[in-house]
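A.B. asks: This is the structure I have questions about; it appears just below.
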Amino acid sequence: MHPPSALLLIVVAAGIAVVRGLPPAAGTPAAQFWEKALPGTPMPEAIADLVQRGIDHSPLEENLRSGLGKGGGIFGEIVGGMIGGAIDSELNKPQGPPHKHPPQGKPAASSEKAVATTGIFFHEAQVREGSVMVVAVPPAAAPAILPRHVAEKAAFTNLTDVLSTFHIAPGSAGATLVGETLLRCQAPPVAGEQKACATSLEGTVQAAARMLQGASTTTAGDRTMWAAASALPRGGLPREAYVVTAVAELDGDRHVRCHAEPFPYAVFECLMARQSSATKAYMITLSSLHGGSSVTVAMVVLCHLDTSYWNPAHPAFEILHTVPGGEPVCHLMQYASLVFGEKAANA
């Protein structure tokens with residue numbers, strides 16, 4: 001374990017000058033890795049922004065300078081955002097039996113109602129042009145993505161070390177969320193799912209690649225991996241009616257979804273459904289139905305065709321009036337969340 005001062009030196013040494021006119025993260029090791037691992041897939045703007053923020057405003061440096069004993073600083077902002085809208089990290093996935101995974105038990109009625117008002121879960125029949133959805137997406141609070149060589153040396157597995165490094169008060173809301181993230185990452189996957197947690201963008205891409213390769217029936221040279229993310233603004237979407245103006249199905253019938261967990265820096269949890277469970281992925285365009293906010297945004301949709309092994313307490317069943325093994329459950333991917341899939345190399 002490196003002391004905080006050493007980590008600060010690493011962060012400073014990792015700084016890369018941003019050339020005027022270039023997009024965020026251009027030329028960084030993370031961007032170079034992305035281009036090699038995902039040829040033909042531009043890095044999503046949200047991911048590029050978080051990579052650049054991990055260099056320009058490292059949470060290691062910011063939190064050590066400001067302190068978080070009273071819930072302030074960068075992670076204080078993340079905690080507030082995650083508590084208000086952590087749909088991906090808590091509710092946007094199948095949940096294991098409460099006795100095996102305490103943080104993933106049946107959500108409180110207030111949380112379930114809050115999720116229902118977002119419109120994030122819906123039937124696959126709504127994934128068509130002309131369909132109208134009432135959607136609300138809260139402002140994002142995604143943490144910065146650290147350079148890989150920095151993340152590999154940062155506190156992660158031990159709760160006491162994390163709280164100490166980032167000046168998070170034991171017993172605070174931030175400490176609780178960090179502890180739950182560590183429990184989720186250390187818990188075994190649920191009901192045959194594959195699961196991995198990664199502390200860098202490179203580690204996230206590699207985790208997705210391992211899962212997809214293990215599920216593929218073709219050789220590696222016959223396929224290429226792609227990634228997609230919703231083009232959400234960081235400020236989210238106002239709750240209103242949106243019309244689906246375009247739909248494009250994405251390649252593959254097995255997909256890996258990765259989302260950021262509540263933590264002082266980006267920790268992505270990646271999940272892939274069990275071998276017999278196919279998924280469908282779409283890119284849809286949503287536009288304000290009544291023109292009130294004049295919003296048009298591209299969103300990634302992931303549909304789970306087999307929910308027979310999901311926890312019956314999953315909020316999607318209550319919201320959609322269905323049961324495990326019933327109709328497919330679809331959901332929108334949130335800010336800076338990624339979906340990975342594969343396509344034929346010559347496609």
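Each chain in the structure tokens gets a letter, A, B and so on, in the order shown; residues start at 1 in every chain, and ligands are counted from 1 in the order they appear.
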I'd like the contact shell of Gly54 (chain A) - 9 Å cut-off, only C-alpha atoms, skipping same-chain residues fewer than 3 positions apart - returned as a list of chain:residue names.
C.D. replies: A:Val11, A:Asp49, A:Leu50, A:Val51, A:His57, A:Ser58, A:Pro59, A:Pro143, A:Ala144, A:Ile145, A:Leu146, A:Pro147, A:Tyr265, A:Ala266
A.B. asks: DSSP on the backbone: which residues in region 218-248 of chain A end up as strand (DSSP E)? Give the answer as a ChimeraX atom specification.
C.D. replies: /A:223-228,237-248
A.B. asks: Quick one: of A:Ala344, A:Cys303, A:Phe156, A:Ser287, who's nearest to Ile120 (chain A), counting only C-alpha atoms?
C.D. replies: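 Closest residue, counting only C-alpha atoms: A:Cys303.
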A.B. asks: Identify, on the basis of only C-alpha atoms, every residue whose closest approach to Thr160 (chain A) does not exceed 10 Å; exclude the query and any residue fewer than 5 positions from it along the same chain; express the result as a list in words.
C.D. replies: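 My reading of the contact set: Ala155, Thr165, Ile168, Pro170, Ala175 and Gly179 of chain A.
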A.B. asks: Pick out the closest residue to Lys343 (chain A) from this set: A:Cys185, A:Val267, A:Leu38, A:Leu232. Count only C-alpha atoms.
C.D. replies: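 Ranked by minimum distance to Lys343 (chain A), first place goes to A:Leu38.
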A.B. asks: So, with only C-alpha atoms as the atoms that count, which of A:Ala196, A:Ala191, A:Ala207, A:Ala228 lies closest to Thr307 (chain A)?
C.D. replies: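 Checking each candidate against Thr307 (chain A), we get A:Ala191 as the closest.
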A.B. asks: Using only C-alpha atoms, which residues sit within 9 Å of Lys195 (chain A) once same-chain residues fewer than 3 positions away are excluded, as a list in words?
C.D. replies: Cys185, Pro188, Pro189, Val190, Ala207, Met211, Glu269, Cys270, Leu271 and Met272 of chain A
A.B. asks: I'd like to know which of A:Phe340, A:Tyr309, A:Phe263, A:Phe317 is closest to Ala141 (chain A), using only C-alpha atoms.
C.D. replies: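 Under the stated criterion, the closest residue is A:Phe263.
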A.B. asks: For CA of Ala273 (chain A) and CA of Leu237 (chain A), determine how far apart the two atoms are, in Å to one decimal place.
C.D. replies: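 Spanning CA of Ala273 (chain A) to CA of Leu237 (chain A) is a straight-line distance of 28.3 Å.
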A.B. asks: Pick out the closest residue to Ala154 (chain A) from this set: A:Phe166, A:Gly235, A:Leu332, A:Leu250. Count only C-alpha atoms.
C.D. replies: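 Smallest separation from Ala154 (chain A) among the options: A:Phe166.
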A.B. asks: Calculate how many Å separate CA of Ser288 (chain A) from CA of Glu240 (chain A), rounding to one decimal.
C.D. replies: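 So the two atoms, CA of Ser288 (chain A) and CA of Glu240 (chain A), lie 7.4 Å apart.
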A.B. asks: Report as a count of residues only all protein, DNA and RNA residues lying within 10 Å of Gly325 (chain A), evaluated on only C-alpha atoms, omitting residues in the same chain fewer than 6 positions from it.
C.D. replies: 7
A.B. asks: Report, in Å with one decimal, the straight-line distance from CA of Ala241 (chain A) to CA of Met133 (chain A).
C.D. replies: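 These two atoms are separated by 5.6 Å.
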A.B. asks: So, with only C-alpha atoms as the atoms that count, which of A:Gly214, A:Ala140, A:Ala246, A:Pro29 lies closest to Ala48 (chain A)?
C.D. replies: A:Pro29
A.B. asks: As a tab-separated table (two decimals) with all heavy atoms, in the first residue's frame, please: all residues of region 107-232 of chain A that backbone DSSP puts in helix (DSSP H, G or I).
C.D. replies:
```tsv
chain	number	residue	atom	x	y	z
A	109	ALA	N	-39.95	0.73	-0.25
A	109	ALA	CA	-41.05	1.19	-1.10
A	109	ALA	C	-40.75	2.55	-1.71
A	109	ALA	O	-41.07	2.82	-2.87
A	109	ALA	CB	-42.34	1.24	-0.28
A	110	SER	N	-40.10	3.42	-0.93
A	110	SER	CA	-39.78	4.75	-1.45
A	110	SER	C	-38.80	4.68	-2.60
A	110	SER	O	-38.91	5.40	-3.59
A	110	SER	CB	-39.20	5.62	-0.33
A	110	SER	OG	-38.05	5.02	0.22
A	111	SER	N	-37.80	3.77	-2.52
A	111	SER	CA	-36.84	3.60	-3.60
A	111	SER	C	-37.52	3.04	-4.84
A	111	SER	O	-37.26	3.47	-5.97
A	111	SER	CB	-35.70	2.68	-3.17
A	111	SER	OG	-34.99	3.23	-2.09
A	112	GLU	N	-38.40	2.06	-4.64
A	112	GLU	CA	-39.09	1.45	-5.77
A	112	GLU	C	-39.97	2.48	-6.47
A	112	GLU	O	-40.03	2.53	-7.70
A	112	GLU	CB	-39.93	0.28	-5.28
A	112	GLU	CG	-40.52	-0.57	-6.39
A	112	GLU	CD	-41.10	-1.85	-5.84
A	112	GLU	OE1	-40.36	-2.64	-5.25
A	112	GLU	OE2	-42.32	-2.04	-6.03
A	113	LYS	N	-40.65	3.31	-5.70
A	113	LYS	CA	-41.49	4.36	-6.29
A	113	LYS	C	-40.64	5.35	-7.06
A	113	LYS	O	-41.02	5.79	-8.16
A	113	LYS	CB	-42.27	5.08	-5.18
A	113	LYS	CG	-43.23	6.14	-5.72
A	113	LYS	CD	-44.01	6.79	-4.60
A	113	LYS	CE	-44.96	7.85	-5.13
A	113	LYS	NZ	-45.73	8.51	-4.03
A	114	ALA	N	-39.46	5.69	-6.50
A	114	ALA	CA	-38.58	6.63	-7.18
A	114	ALA	C	-38.12	6.07	-8.52
A	114	ALA	O	-38.07	6.78	-9.53
A	114	ALA	CB	-37.38	6.96	-6.30
A	115	VAL	N	-37.79	4.78	-8.54
A	115	VAL	CA	-37.36	4.16	-9.78
A	115	VAL	C	-38.52	4.11	-10.78
A	115	VAL	O	-38.34	4.35	-11.98
A	115	VAL	CB	-36.82	2.73	-9.53
A	115	VAL	CG1	-36.53	2.03	-10.84
A	115	VAL	CG2	-35.56	2.79	-8.67
A	116	ALA	N	-39.71	3.83	-10.31
A	116	ALA	CA	-40.87	3.77	-11.19
A	116	ALA	C	-41.10	5.09	-11.90
A	116	ALA	O	-41.46	5.12	-13.09
A	116	ALA	CB	-42.10	3.36	-10.40
A	117	THR	N	-40.88	6.21	-11.21
A	117	THR	CA	-41.12	7.52	-11.82
A	117	THR	C	-40.10	7.86	-12.89
A	117	THR	O	-40.34	8.75	-13.71
A	117	THR	CB	-41.11	8.63	-10.75
A	117	THR	OG1	-39.82	8.69	-10.12
A	117	THR	CG2	-42.18	8.39	-9.70
A	118	THR	N	-38.95	7.18	-12.93
A	118	THR	CA	-37.95	7.47	-13.95
A	118	THR	C	-38.32	6.89	-15.30
A	118	THR	O	-37.81	7.33	-16.33
A	118	THR	CB	-36.57	6.90	-13.56
A	118	THR	OG1	-36.63	5.47	-13.55
A	118	THR	CG2	-36.14	7.41	-12.20
A	124	GLU	N	-40.25	-4.61	-24.18
A	124	GLU	CA	-39.56	-4.52	-25.46
A	124	GLU	C	-40.48	-3.96	-26.55
A	124	GLU	O	-40.01	-3.36	-27.53
A	124	GLU	CB	-39.02	-5.89	-25.88
A	124	GLU	CG	-38.07	-5.82	-27.07
A	124	GLU	CD	-37.46	-7.16	-27.44
A	124	GLU	OE1	-37.93	-8.20	-26.92
A	124	GLU	OE2	-36.53	-7.17	-28.27
A	125	ALA	N	-41.77	-4.13	-26.40
A	125	ALA	CA	-42.71	-3.61	-27.39
A	125	ALA	C	-42.60	-2.09	-27.54
A	125	ALA	O	-43.00	-1.53	-28.58
A	125	ALA	CB	-44.14	-3.98	-27.00
A	126	GLN	N	-42.07	-1.42	-26.51
A	126	GLN	CA	-41.93	0.03	-26.59
A	126	GLN	C	-40.69	0.46	-27.37
A	126	GLN	O	-40.52	1.65	-27.66
A	126	GLN	CB	-41.87	0.63	-25.18
A	126	GLN	CG	-43.19	0.53	-24.43
A	126	GLN	CD	-43.11	1.19	-23.06
A	126	GLN	OE1	-42.87	0.53	-22.06
A	126	GLN	NE2	-43.29	2.50	-23.03
A	148	ARG	N	-4.69	3.98	-15.17
A	148	ARG	CA	-4.59	2.60	-14.68
A	148	ARG	C	-3.46	2.42	-13.67
A	148	ARG	O	-3.65	1.77	-12.64
A	148	ARG	CB	-4.38	1.64	-15.86
A	148	ARG	CG	-4.38	0.18	-15.44
A	148	ARG	CD	-4.31	-0.73	-16.65
A	148	ARG	NE	-4.69	-2.09	-16.30
A	148	ARG	CZ	-4.87	-3.06	-17.18
A	148	ARG	NH1	-4.71	-2.82	-18.47
A	148	ARG	NH2	-5.22	-4.26	-16.78
A	149	HIS	N	-2.30	3.00	-13.94
A	149	HIS	CA	-1.18	2.76	-13.03
A	149	HIS	C	-1.38	3.45	-11.69
A	149	HIS	O	-0.78	3.06	-10.69
A	149	HIS	CB	0.14	3.22	-13.67
A	149	HIS	CG	0.26	4.70	-13.85
A	149	HIS	ND1	-0.39	5.39	-14.85
A	149	HIS	CD2	0.96	5.62	-13.15
A	149	HIS	CE1	-0.09	6.68	-14.77
A	149	HIS	NE2	0.72	6.85	-13.75
A	150	VAL	N	-2.26	4.45	-11.66
A	150	VAL	CA	-2.61	5.08	-10.39
A	150	VAL	C	-3.65	4.24	-9.66
A	150	VAL	O	-3.53	3.96	-8.46
A	150	VAL	CB	-3.15	6.51	-10.63
A	150	VAL	CG1	-3.55	7.15	-9.30
A	150	VAL	CG2	-2.11	7.36	-11.33
A	151	ALA	N	-4.68	3.80	-10.40
A	151	ALA	CA	-5.74	3.01	-9.78
A	151	ALA	C	-5.21	1.71	-9.18
A	151	ALA	O	-5.70	1.25	-8.14
A	151	ALA	CB	-6.82	2.69	-10.83
A	159	LEU	N	-11.79	-1.56	3.50
A	159	LEU	CA	-12.63	-0.40	3.80
A	159	LEU	C	-11.88	0.63	4.63
A	159	LEU	O	-11.95	1.83	4.36
A	159	LEU	CB	-13.91	-0.85	4.51
A	159	LEU	CG	-14.86	0.26	4.96
A	159	LEU	CD1	-15.34	1.09	3.77
A	159	LEU	CD2	-16.05	-0.33	5.71
A	160	THR	N	-11.16	0.18	5.65
A	160	THR	CA	-10.44	1.12	6.52
A	160	THR	C	-9.43	1.93	5.72
A	160	THR	O	-9.30	3.15	5.91
A	160	THR	CB	-9.72	0.35	7.64
A	160	THR	OG1	-10.70	-0.37	8.42
A	160	THR	CG2	-8.97	1.31	8.56
A	161	ASP	N	-8.72	1.28	4.81
A	161	ASP	CA	-7.73	1.99	3.99
A	161	ASP	C	-8.41	3.02	3.09
A	161	ASP	O	-7.89	4.14	2.92
A	161	ASP	CB	-6.95	1.00	3.12
A	161	ASP	CG	-5.98	0.15	3.93
A	161	ASP	OD1	-5.69	0.53	5.09
A	161	ASP	OD2	-5.53	-0.89	3.42
A	162	VAL	N	-9.55	2.66	2.51
A	162	VAL	CA	-10.25	3.59	1.63
A	162	VAL	C	-10.72	4.82	2.41
A	162	VAL	O	-10.51	5.96	1.99
A	162	VAL	CB	-11.45	2.91	0.94
A	162	VAL	CG1	-12.24	3.92	0.10
A	162	VAL	CG2	-10.98	1.76	0.06
A	163	LEU	N	-11.34	4.58	3.56
A	163	LEU	CA	-11.84	5.70	4.36
A	163	LEU	C	-10.71	6.61	4.80
A	163	LEU	O	-10.83	7.84	4.79
A	163	LEU	CB	-12.60	5.18	5.58
A	163	LEU	CG	-13.83	4.30	5.30
A	163	LEU	CD1	-14.54	3.96	6.61
A	163	LEU	CD2	-14.79	4.98	4.34
A	164	SER	N	-9.58	6.02	5.16
A	164	SER	CA	-8.43	6.80	5.60
A	164	SER	C	-7.83	7.60	4.46
A	164	SER	O	-7.55	8.80	4.59
A	164	SER	CB	-7.37	5.87	6.21
A	164	SER	OG	-6.20	6.59	6.53
A	165	THR	N	-7.64	6.97	3.31
A	165	THR	CA	-7.02	7.63	2.17
A	165	THR	C	-7.84	8.82	1.70
A	165	THR	O	-7.29	9.87	1.35
A	165	THR	CB	-6.84	6.63	1.00
A	165	THR	OG1	-5.97	5.58	1.41
A	165	THR	CG2	-6.26	7.32	-0.23
A	173	ALA	N	-22.57	8.66	5.55
A	173	ALA	CA	-23.26	8.10	4.38
A	173	ALA	C	-22.26	7.62	3.34
A	173	ALA	O	-22.45	6.58	2.71
A	173	ALA	CB	-24.19	9.16	3.77
A	174	GLY	N	-21.17	8.39	3.16
A	174	GLY	CA	-20.14	7.98	2.22
A	174	GLY	C	-19.50	6.67	2.60
A	174	GLY	O	-19.25	5.81	1.75
A	175	ALA	N	-19.21	6.51	3.89
A	175	ALA	CA	-18.59	5.27	4.36
A	175	ALA	C	-19.51	4.08	4.12
A	175	ALA	O	-19.06	2.98	3.75
A	175	ALA	CB	-18.24	5.39	5.84
A	176	THR	N	-20.81	4.28	4.32
A	176	THR	CA	-21.77	3.19	4.10
A	176	THR	C	-21.79	2.77	2.64
A	176	THR	O	-21.76	1.57	2.32
A	176	THR	CB	-23.18	3.63	4.53
A	176	THR	OG1	-23.17	3.93	5.93
A	176	THR	CG2	-24.20	2.54	4.26
A	177	LEU	N	-21.81	3.75	1.74
A	177	LEU	CA	-21.85	3.43	0.31
A	177	LEU	C	-20.56	2.74	-0.14
A	177	LEU	O	-20.60	1.80	-0.93
A	177	LEU	CB	-22.07	4.70	-0.51
A	177	LEU	CG	-23.49	5.27	-0.48
A	177	LEU	CD1	-23.55	6.57	-1.26
A	177	LEU	CD2	-24.48	4.28	-1.05
A	178	VAL	N	-19.42	3.21	0.36
A	178	VAL	CA	-18.16	2.57	0.02
A	178	VAL	C	-18.15	1.13	0.50
A	178	VAL	O	-17.75	0.21	-0.23
A	178	VAL	CB	-16.97	3.35	0.63
A	178	VAL	CG1	-15.68	2.54	0.54
A	178	VAL	CG2	-16.78	4.68	-0.10
A	179	GLY	N	-18.61	0.90	1.72
A	179	GLY	CA	-18.65	-0.45	2.26
A	179	GLY	C	-19.55	-1.36	1.45
A	179	GLY	O	-19.22	-2.53	1.20
A	180	GLU	N	-20.70	-0.85	1.00
A	180	GLU	CA	-21.62	-1.66	0.19
A	180	GLU	C	-21.02	-1.97	-1.17
A	180	GLU	O	-21.20	-3.07	-1.71
A	180	GLU	CB	-22.95	-0.93	0.05
A	180	GLU	CG	-23.74	-0.87	1.36
A	180	GLU	CD	-25.05	-0.12	1.21
A	180	GLU	OE1	-25.26	0.50	0.14
A	180	GLU	OE2	-25.85	-0.14	2.16
A	181	THR	N	-20.29	-1.02	-1.74
A	181	THR	CA	-19.62	-1.28	-3.01
A	181	THR	C	-18.59	-2.40	-2.86
A	181	THR	O	-18.52	-3.31	-3.70
A	181	THR	CB	-18.93	-0.01	-3.54
A	181	THR	OG1	-19.94	0.93	-3.92
A	181	THR	CG2	-18.04	-0.30	-4.74
A	182	LEU	N	-17.81	-2.37	-1.80
A	182	LEU	CA	-16.81	-3.42	-1.58
A	182	LEU	C	-17.49	-4.77	-1.37
A	182	LEU	O	-17.01	-5.80	-1.88
A	182	LEU	CB	-15.94	-3.07	-0.38
A	182	LEU	CG	-15.03	-1.84	-0.55
A	182	LEU	CD1	-14.23	-1.59	0.72
A	182	LEU	CD2	-14.11	-2.00	-1.74
A	183	LEU	N	-18.60	-4.80	-0.65
A	183	LEU	CA	-19.33	-6.06	-0.45
A	183	LEU	C	-19.85	-6.61	-1.77
A	183	LEU	O	-19.76	-7.81	-2.03
A	183	LEU	CB	-20.49	-5.84	0.52
A	183	LEU	CG	-20.15	-5.74	2.01
A	183	LEU	CD1	-21.40	-5.41	2.81
A	183	LEU	CD2	-19.53	-7.03	2.51
A	184	ARG	N	-20.40	-5.73	-2.60
A	184	ARG	CA	-20.91	-6.19	-3.90
A	184	ARG	C	-19.80	-6.75	-4.76
A	184	ARG	O	-19.97	-7.77	-5.44
A	184	ARG	CB	-21.63	-5.05	-4.63
A	184	ARG	CG	-23.08	-4.88	-4.25
A	184	ARG	CD	-23.80	-3.93	-5.19
A	184	ARG	NE	-23.26	-2.59	-5.11
A	184	ARG	CZ	-23.67	-1.67	-4.24
A	184	ARG	NH1	-24.62	-1.98	-3.37
A	184	ARG	NH2	-23.15	-0.47	-4.22
A	185	CYS	N	-18.66	-6.07	-4.76
A	185	CYS	CA	-17.55	-6.52	-5.60
A	185	CYS	C	-16.96	-7.83	-5.09
A	185	CYS	O	-16.46	-8.64	-5.87
A	185	CYS	CB	-16.47	-5.44	-5.66
A	185	CYS	SG	-16.91	-4.02	-6.71
A	186	GLN	N	-17.00	-8.05	-3.79
A	186	GLN	CA	-16.41	-9.26	-3.22
A	186	GLN	C	-17.38	-10.43	-3.22
A	186	GLN	O	-16.96	-11.59	-3.10
A	186	GLN	CB	-15.93	-8.96	-1.79
A	186	GLN	CG	-14.77	-7.97	-1.73
A	186	GLN	CD	-14.56	-7.37	-0.35
A	186	GLN	OE1	-15.23	-7.76	0.61
A	186	GLN	NE2	-13.63	-6.43	-0.24
A	201	LEU	N	-10.38	2.02	-16.69
A	201	LEU	CA	-11.09	1.80	-17.94
A	201	LEU	C	-10.51	0.58	-18.66
A	201	LEU	O	-11.26	-0.23	-19.21
A	201	LEU	CB	-10.98	3.03	-18.83
A	201	LEU	CG	-11.75	2.96	-20.16
A	201	LEU	CD1	-13.24	2.74	-19.92
A	201	LEU	CD2	-11.52	4.23	-20.97
A	202	GLU	N	-9.19	0.45	-18.63
A	202	GLU	CA	-8.57	-0.70	-19.28
A	202	GLU	C	-9.03	-2.01	-18.64
A	202	GLU	O	-9.35	-2.98	-19.34
A	202	GLU	CB	-7.04	-0.59	-19.18
A	202	GLU	CG	-6.44	0.56	-19.96
A	202	GLU	CD	-6.28	1.83	-19.12
A	202	GLU	OE1	-7.10	2.05	-18.20
A	202	GLU	OE2	-5.35	2.59	-19.38
A	203	GLY	N	-9.09	-2.03	-17.32
A	203	GLY	CA	-9.55	-3.22	-16.62
A	203	GLY	C	-11.00	-3.55	-16.93
A	203	GLY	O	-11.39	-4.72	-17.02
A	204	THR	N	-11.82	-2.51	-17.12
A	204	THR	CA	-13.23	-2.71	-17.46
A	204	THR	C	-13.37	-3.35	-18.83
A	204	THR	O	-14.14	-4.30	-19.02
A	204	THR	CB	-13.97	-1.36	-17.42
A	204	THR	OG1	-13.85	-0.78	-16.11
A	204	THR	CG2	-15.44	-1.52	-17.77
A	205	VAL	N	-12.64	-2.83	-19.81
A	205	VAL	CA	-12.69	-3.37	-21.17
A	205	VAL	C	-12.20	-4.83	-21.17
A	205	VAL	O	-12.78	-5.70	-21.82
A	205	VAL	CB	-11.85	-2.51	-22.13
A	205	VAL	CG1	-11.76	-3.17	-23.51
A	205	VAL	CG2	-12.46	-1.12	-22.25
A	206	GLN	N	-11.13	-5.10	-20.44
A	206	GLN	CA	-10.60	-6.46	-20.38
A	206	GLN	C	-11.57	-7.43	-19.72
A	206	GLN	O	-11.71	-8.58	-20.14
A	206	GLN	CB	-9.25	-6.45	-19.66
A	206	GLN	CG	-8.14	-5.80	-20.46
A	206	GLN	CD	-6.83	-5.69	-19.70
A	206	GLN	OE1	-6.83	-5.53	-18.48
A	206	GLN	NE2	-5.72	-5.76	-20.41
A	207	ALA	N	-12.26	-6.97	-18.68
A	207	ALA	CA	-13.24	-7.82	-18.01
A	207	ALA	C	-14.37	-8.18	-18.97
A	207	ALA	O	-14.81	-9.33	-19.04
A	207	ALA	CB	-13.79	-7.13	-16.77
A	208	ALA	N	-14.85	-7.19	-19.72
A	208	ALA	CA	-15.91	-7.45	-20.68
A	208	ALA	C	-15.44	-8.41	-21.77
A	208	ALA	O	-16.18	-9.31	-22.19
A	208	ALA	CB	-16.38	-6.13	-21.31
A	209	ALA	N	-14.21	-8.24	-22.22
A	209	ALA	CA	-13.67	-9.10	-23.26
A	209	ALA	C	-13.59	-10.55	-22.79
A	209	ALA	O	-13.93	-11.48	-23.54
A	209	ALA	CB	-12.29	-8.60	-23.69
A	210	ARG	N	-13.17	-10.76	-21.55
A	210	ARG	CA	-13.08	-12.13	-21.02
A	210	ARG	C	-14.45	-12.78	-20.98
A	210	ARG	O	-14.62	-13.96	-21.31
A	210	ARG	CB	-12.45	-12.11	-19.63
A	210	ARG	CG	-10.95	-11.88	-19.61
A	210	ARG	CD	-10.37	-12.18	-18.25
A	210	ARG	NE	-10.91	-11.31	-17.21
A	210	ARG	CZ	-10.37	-10.14	-16.86
A	210	ARG	NH1	-9.28	-9.69	-17.47
A	210	ARG	NH2	-10.91	-9.43	-15.89
A	211	MET	N	-15.46	-12.03	-20.54
A	211	MET	CA	-16.81	-12.59	-20.46
A	211	MET	C	-17.33	-12.94	-21.83
A	211	MET	O	-17.91	-14.02	-22.05
A	211	MET	CB	-17.74	-11.59	-19.77
A	211	MET	CG	-17.43	-11.35	-18.31
A	211	MET	SD	-18.61	-10.17	-17.57
A	211	MET	CE	-17.81	-9.83	-16.01
A	212	LEU	N	-17.16	-12.05	-22.80
A	212	LEU	CA	-17.68	-12.30	-24.14
A	212	LEU	C	-16.94	-13.45	-24.82
A	212	LEU	O	-17.53	-14.26	-25.51
A	212	LEU	CB	-17.57	-11.02	-24.98
A	212	LEU	CG	-18.54	-9.89	-24.59
A	212	LEU	CD1	-18.17	-8.61	-25.31
A	212	LEU	CD2	-19.98	-10.29	-24.93
A	213	GLN	N	-15.63	-13.51	-24.62
A	213	GLN	CA	-14.86	-14.59	-25.23
A	213	GLN	C	-15.27	-15.94	-24.66
A	213	GLN	O	-15.35	-16.93	-25.39
A	213	GLN	CB	-13.37	-14.34	-25.01
A	213	GLN	CG	-12.81	-13.20	-25.83
A	213	GLN	CD	-11.42	-12.77	-25.40
A	213	GLN	OE1	-10.80	-13.40	-24.54
A	213	GLN	NE2	-10.93	-11.68	-25.97
A	214	GLY	N	-15.57	-15.98	-23.37
A	214	GLY	CA	-15.99	-17.23	-22.76
A	214	GLY	C	-17.34	-17.69	-23.25
A	214	GLY	O	-17.65	-18.89	-23.23
A	215	ALA	N	-18.18	-16.75	-23.71
A	215	ALA	CA	-19.52	-17.09	-24.17
A	215	ALA	C	-19.60	-17.31	-25.68
A	215	ALA	O	-20.62	-17.76	-26.19
A	215	ALA	CB	-20.50	-15.98	-23.78
A	220	ALA	N	-11.49	-16.06	-31.84
A	220	ALA	CA	-11.29	-14.63	-31.58
A	220	ALA	C	-11.09	-13.84	-32.87
A	220	ALA	O	-11.54	-12.69	-33.00
A	220	ALA	CB	-10.11	-14.43	-30.64
A	221	GLY	N	-10.40	-14.43	-33.85
A	221	GLY	CA	-10.14	-13.71	-35.08
A	221	GLY	C	-11.37	-13.47	-35.93
A	221	GLY	O	-11.35	-12.66	-36.86
A	222	ASP	N	-12.46	-14.17	-35.63
A	222	ASP	CA	-13.68	-14.04	-36.43
A	222	ASP	C	-14.64	-12.99	-35.87
A	222	ASP	O	-15.74	-12.82	-36.41
A	222	ASP	CB	-14.42	-15.39	-36.49
A	222	ASP	CG	-13.62	-16.44	-37.24
A	222	ASP	OD1	-12.83	-16.05	-38.12
A	222	ASP	OD2	-13.78	-17.64	-36.92
```
